[in-house]
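S.K.: Sharing a structure with you now.
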Amino acid sequence: MSAFNAIGEEREIDRDEFTPGVEPQPTWCPGCGDFGVLKSLKQALPEIGKTPEEVLTVTGIGCSGKLNSYLDTYGFHTIHGRSLPVARAAKLANTDLEVIAAGGDGDGYGIGGNHFIHSARENHDMTYIVFNNEIFGLTKGQTSPTSPKGHKSKTQPSGSAKTPIRPLSQSLTAGASYIARTAAVNPNQAKEIIKEAIEHDGFAHIDFLTQCPTWNKDARQYVPYVDVQESDDYDFDVTNREEAAEMMRETEDVLNEGTVLTGRYYVDEDRPSYQAEKQAVGEMPDQPLAERYFDDDVEWERSYDLLERHT
Amino acid sequence: MSSDELIWRIAGGSGDGIDSTSQNFAKALMRSGLDVFTHRHYPSRIRGGHTYVEIRAADREVQSRGDGYNFLLALGDSFARNPQEEAYYGNEEIKPLSENLDDLREGGIIVYDEGLVSEEDVEAINLEERAEANDWHVFPMDLRSLARDHGREVMRNTAGVGVTAALLEMDLEHIEDLMSDAMGGDILESNLEILHEAYDIVTEEYDFEHDLRVPEGSHETEQALLSGSNAIAYGAIDAGCRFIAGYPMTPWTDVFTILSQNFPDMGGVSEQVEDEIAAAALAVGASHAGVKAMSGSSGGGFALMSEPLGLAEMTETPLVLIEAMRAGPSTGMPTKPEQADLEHVLYTSQGDSQRVVFAPGNIEEAYEQTRLAFEIAWDYQIPAIIIYDQKLSGENTNVDVEFFDREPKPDLGSTLTEDELREAAHDNSGKFKRFNHEDAENGVSPRSLPGQKGGRYLATGNEHSPVGHISEDPDNRVAQMDRRLDKLESIRRELDEERESTQTYFGDETAEYGIITWGSSQGAVEEAIERLNENGHSVKGLSVSDMMPFPEQEVTEFLESVDEAMVVEMNATAQFRGLLQKELGRFGEKLTSLLKYNGNPFEPAEIVEGYEVNLADEDREPTAQVRIEPAAGD
Ligand SMILES: Cc1ncc(C[n+]2csc(CCOP(=O)(O)OP(=O)(O)O)c2C)c(N)n1
Ligand code: SF4
């Protein structure tokens, strides 16, 4: 008997299961792009056949970090910038869980930038959604790592002197094996991309463009956008690193100049996930670690057996 | 000088095999029936630089390095492998010989490598005169050539061991056995040849007058030679820990490596990650998902863990963290012990922080308290920290093997099974009331694990309602806060009423004077108290292990029973004395501090001297590198 009966349960999943009861109602501002992410997730999750109990959503801090307060799965709302290390370990501890980490651009590319690089490098089998609104929302509109150069805010009153970070290119360089960009204003594409990312076996990074009408009024709200997979103008092979890199560069160049390109940028189905690599070298058991604690047949080794080398 | 104990110091350059040689020699002494205690002194560099290891061996329990030593094996020039003009020890030469003479006891033995030290060098340090004045027995031996003739130059430490054994009239059997275990083939052959050759040269060609011999002893049960780091790692294994995440930092690295090396065979997972924030956050994540997990670091790295530590407290995620202290602030002295992170560990992280902190005083306690830390952390859903230092981490002592023969304890504490979850409280939307404060016992509300049926909830570092929704409702805040606070009180009650005390007492209950200490200073205090009482004083000791929750009752009783007490600790600001006064709210006029913070641990003689100075009421400081901080009002 499994200790985690919700995992692998085969049944029709009702969409409403991912919505909590009456409370809490989202505290996001009207028109906030975060609603779009929530909605796309609620649409995607039942379609991949996961019950709310086998999904663990791990978030950081920020308006974005409240995602799992409004999504009824197992959830862990952590601290600013630290969703990835918590999420990674939960997956290592119980490989049967579907782990989705999420947070803002300040959270994920700023304070958590180091974790982002290393989680992508290691190619952990999980999904990472970054709500990219080019701003710090919750702390009231300061410049974030994705804010365009020259962006004025209360902390950079003369306009930011910094060139924005290039999350897609960085993700590729770091080693993520699935990289996409989508936008809250494009829910159909977003849903499809989320589904793919979750089903992908490896680190799937989605840079999710979310408008913040409250603090980023000047920014275009990512309309109109162009879907690179749908458009004949952008023909490239998503499994080819160089072509993907070239496309990412283009997107990141034009993002602040009028055209917003979204879609899948890189998909590497061949690279084994970190878990698989770790199991292959014998550094991780095949059985989910957490299950061992409930399995009466497991023989727990004692340190006593190690003492021989000390006698 | 008598042969009731041998304190053998092997000195040389780091990278010269001092460590492995001393490990084997210590084991050989243990196998011959003696109790042993090793002390390692090394600079923060990889090759070259002066380093030594001391092995104290006696036919009785040995809990400290002792005072000074009586046998020096000086292996050569510390900088032979990495010459530097202005290196760590200035530009003096022939370090292993010159640097080590101060602490050599009267009547002691010196063996030095003639092959590496010239006559002029020896003259420069007046060795002959000093030897005469101190009744030292000096044996210059060309260990280098001896090693080179039968093998390779680096094997000169084997030659040194052979000479040692001959001079102490010690049987070679155990040394040979250990060599055969560690190596094979030509290397073993050469080493054995060198060992015997050295032994024979001394026995056949030298007349010696010294009295020092290997003490005779025997053990009734099988012994194991273990370091504090081994003990903590094994405690974790037996507690059912199977996940560790870390980032290397001396001296925490030892525990991290021991577990990383053993976990693959035990179905565990070890992760070396990008930094210490990540390390502790990973431990939180793994624990949240249902695995007994730990992380740890030393001062600077632990500072980074402050954030995830608070997260674990607020989300009530069980967790064990290890803090291996070294001298600070900042990077401080990476290879030197200090007990100066106590306040850091007790109070780091924002808010009214609650955690359990144990400070083991020796190897057995390190094992026991690590197990206890896991048990309490999982029962009460609270982080537990083991704080110890570079000294305890690296010193090896023998422990009765049977002491460790315990059952593994993979019990997840207050975690519900799915059957139990079905019966538990849920809200209208079907969410599990994971943080229920209504009928929580001892502050604990049982938890579920992701993937369990019927256990859905949100864990958040924000203040939250029973199902985990972010909440700033004042009534909920107070109820949740009070419930969490209740845990520490309940833990204290359990420790006082249901478990054996983790505090350690020495001396006669009726003694008038008390010495109180914590952590790795325990051994030196114990020995100092023995010595004081042998000399007619009336002293008893208490070594406190529970830093949080504090054993108020026990410590109060101890302090009330003495006229005066001296607090012994390795830091400059009397942090533990501060804790005593904060927790007990009095005794300021009774407590004097004896502090040491020069990078070296206390020796018993320094504590004896501190006692004398304090009681003499004279306006003088002790002569050693220690400081007396008088009682309030003195
Ligand atoms: C260690 C730490 N530093 C700062 C903060 C304050 N803080 C909360 S949210 C936030 C920025 C969030 O920005 P972003 O990640 O872009 O998310 P958004 O609110 O825009 O969704 C900051 C700086 C914090 N909670 N913790
Ligand atoms: S501040 Fe911006 S990001 Fe935050 S909820 Fe309002 S609109 Fe959304």
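Residue numbering restarts at 1 for every chain of the structure tokens, chains are lettered A, B, ... in their displayed order, and ligands are numbered from 1 as they appear.
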I need the contact residues of chain B against chain A, so if you could list those with any atom within 6 Å, counting only C-alpha atoms, and return them as a PyMOL selection string, that would help.

M.R.: chain B and resi 223-225+234+238+264+267+269+278+281-282+285-286+289-291+404-405+408+429+450-453+456-461

S.K.: With only C-alpha atoms and all ligand atoms counted, collect every polymer residue having an atom within 7 Å of ligand 2; state the result as a PDB file with N, CA and C atoms, in the first residue's frame.

M.R.:
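Dumped everything to result25.pdb:
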ATOM      1  N   THR A  27      -6.072  38.960  -3.901  1.00  0.00           N
ATOM      2  CA  THR A  27      -5.901  40.368  -3.509  1.00  0.00           C
ATOM      3  C   THR A  27      -5.219  41.171  -4.609  1.00  0.00           C
ATOM      4  N   TRP A  28      -5.050  40.539  -5.774  1.00  0.00           N
ATOM      5  CA  TRP A  28      -4.405  41.244  -6.880  1.00  0.00           C
ATOM      6  C   TRP A  28      -5.267  42.411  -7.368  1.00  0.00           C
ATOM      7  N   CYS A  29      -4.632  43.425  -7.980  1.00  0.00           N
ATOM      8  CA  CYS A  29      -5.362  44.576  -8.510  1.00  0.00           C
ATOM      9  C   CYS A  29      -6.184  44.148  -9.734  1.00  0.00           C
ATOM     10  N   PRO A  30      -7.274  44.858  -9.964  1.00  0.00           N
ATOM     11  CA  PRO A  30      -8.031  44.570 -11.192  1.00  0.00           C
ATOM     12  C   PRO A  30      -7.119  44.744 -12.410  1.00  0.00           C
ATOM     13  N   GLY A  31      -7.204  43.834 -13.339  1.00  0.00           N
ATOM     14  CA  GLY A  31      -6.412  43.950 -14.557  1.00  0.00           C
ATOM     15  C   GLY A  31      -5.013  43.380 -14.435  1.00  0.00           C
ATOM     16  N   CYS A  32      -4.661  42.854 -13.275  1.00  0.00           N
ATOM     17  CA  CYS A  32      -3.314  42.309 -13.064  1.00  0.00           C
ATOM     18  C   CYS A  32      -3.102  41.044 -13.899  1.00  0.00           C
ATOM     19  N   GLY A  33      -1.941  40.930 -14.473  1.00  0.00           N
ATOM     20  CA  GLY A  33      -1.615  39.770 -15.294  1.00  0.00           C
ATOM     21  C   GLY A  33      -1.578  38.474 -14.511  1.00  0.00           C
ATOM     22  N   ASP A  34      -1.426  38.562 -13.200  1.00  0.00           N
ATOM     23  CA  ASP A  34      -1.337  37.341 -12.392  1.00  0.00           C
ATOM     24  C   ASP A  34      -2.604  36.488 -12.497  1.00  0.00           C
ATOM     25  N   CYS A  63       3.640  39.794  -5.353  1.00  0.00           N
ATOM     26  CA  CYS A  63       2.245  39.560  -5.765  1.00  0.00           C
ATOM     27  C   CYS A  63       2.174  38.171  -6.388  1.00  0.00           C
ATOM     28  N   SER A  64       3.165  37.861  -7.195  1.00  0.00           N
ATOM     29  CA  SER A  64       3.246  36.577  -7.881  1.00  0.00           C
ATOM     30  C   SER A  64       3.284  35.403  -6.914  1.00  0.00           C
ATOM     31  N   ASN A 133       6.701  40.940 -14.794  1.00  0.00           N
ATOM     32  CA  ASN A 133       5.974  42.200 -15.022  1.00  0.00           C
ATOM     33  C   ASN A 133       6.935  43.386 -15.063  1.00  0.00           C
ATOM     34  N   GLY A 137       6.231  44.461  -7.860  1.00  0.00           N
ATOM     35  CA  GLY A 137       4.844  44.829  -7.630  1.00  0.00           C
ATOM     36  C   GLY A 137       4.540  45.072  -6.164  1.00  0.00           C
ATOM     37  N   LEU A 138       4.715  44.042  -5.366  1.00  0.00           N
ATOM     38  CA  LEU A 138       4.253  44.085  -3.975  1.00  0.00           C
ATOM     39  C   LEU A 138       4.909  45.199  -3.152  1.00  0.00           C
ATOM     40  N   LYS A 140       5.695  48.034  -4.282  1.00  0.00           N
ATOM     41  CA  LYS A 140       5.200  49.277  -4.847  1.00  0.00           C
ATOM     42  C   LYS A 140       6.059  49.916  -5.914  1.00  0.00           C
ATOM     43  N   GLN A 211       1.187  41.719 -17.077  1.00  0.00           N
ATOM     44  CA  GLN A 211       1.126  43.176 -16.948  1.00  0.00           C
ATOM     45  C   GLN A 211       0.816  43.597 -15.522  1.00  0.00           C
ATOM     46  N   CYS A 212       1.400  44.731 -15.119  1.00  0.00           N
ATOM     47  CA  CYS A 212       1.100  45.294 -13.802  1.00  0.00           C
ATOM     48  C   CYS A 212       0.539  46.701 -14.024  1.00  0.00           C
ATOM     49  N   PRO A 213      -0.774  46.767 -14.183  1.00  0.00           N
ATOM     50  CA  PRO A 213      -1.370  48.076 -14.497  1.00  0.00           C
ATOM     51  C   PRO A 213      -1.186  49.092 -13.369  1.00  0.00           C
ATOM     52  N   THR A 214      -0.910  48.637 -12.195  1.00  0.00           N
ATOM     53  CA  THR A 214      -0.796  49.559 -11.063  1.00  0.00           C
ATOM     54  C   THR A 214       0.533  50.311 -11.054  1.00  0.00           C
ATOM     55  N   TRP A 215       1.615  49.606 -11.279  1.00  0.00           N
ATOM     56  CA  TRP A 215       2.927  50.255 -11.141  1.00  0.00           C
ATOM     57  C   TRP A 215       3.678  50.425 -12.444  1.00  0.00           C
TER      58      TRP A 215
END

S.K.: Nearest to ligand 1 among B:Thr257, B:Ser561, B:Ser521, B:Ser349, with distances taken over only C-alpha atoms and all ligand atoms: which residue is it?

M.R.: B:Ser349

S.K.: Nearest to ligand 1 among B:Val202, B:Cys241, B:Leu311, B:Glu54, with distances taken over only C-alpha atoms and all ligand atoms: which residue is it?

M.R.: B:Leu311

S.K.: Report as number ranges by chain: the residues of range 50-188 of chain A with a DSSP assignment of alpha helix (DSSP H), based on the backbone of this structure.

M.R.: A: 83-93, 105, 113-122, 167-174, 187-188

S.K.: If you measure from CA of Ser287 in chain B to CA of Gly468 in chain B, what distance in Å do you get, rounded to one decimal?

M.R.: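 Result for CA of Ser287 in chain B versus CA of Gly468 in chain B: 17.4 Å, one decimal.
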
S.K.: Which residues are close to range 156-160 of chain A, i.e. within 9 Å by only C-alpha atoms, leaving aside same-chain residues fewer than 4 positions away? Reply as a list in words.

M.R.: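 Once the nearby chain positions are removed, what remains is Gln142, Thr143, Ser147, Pro148, Lys149, Gly150, His151 and Lys152 of chain A.
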
S.K.: How far is it from CA of Asp275 in chain B to CA of Gly300 in chain B, in Å with one decimal?

M.R.: 11.1 Å

S.K.: For each of B:Ser306, B:Val399, B:His426, B:Arg371, take the minimum atom-to-atom distance to ligand 1, counting only C-alpha atoms and all ligand atoms, then give the residue where this is smallest.

M.R.: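 Of B:Ser306, B:Val399, B:His426, B:Arg371, the one nearest ligand 1 is B:Ser306, counting only C-alpha atoms and all ligand atoms.
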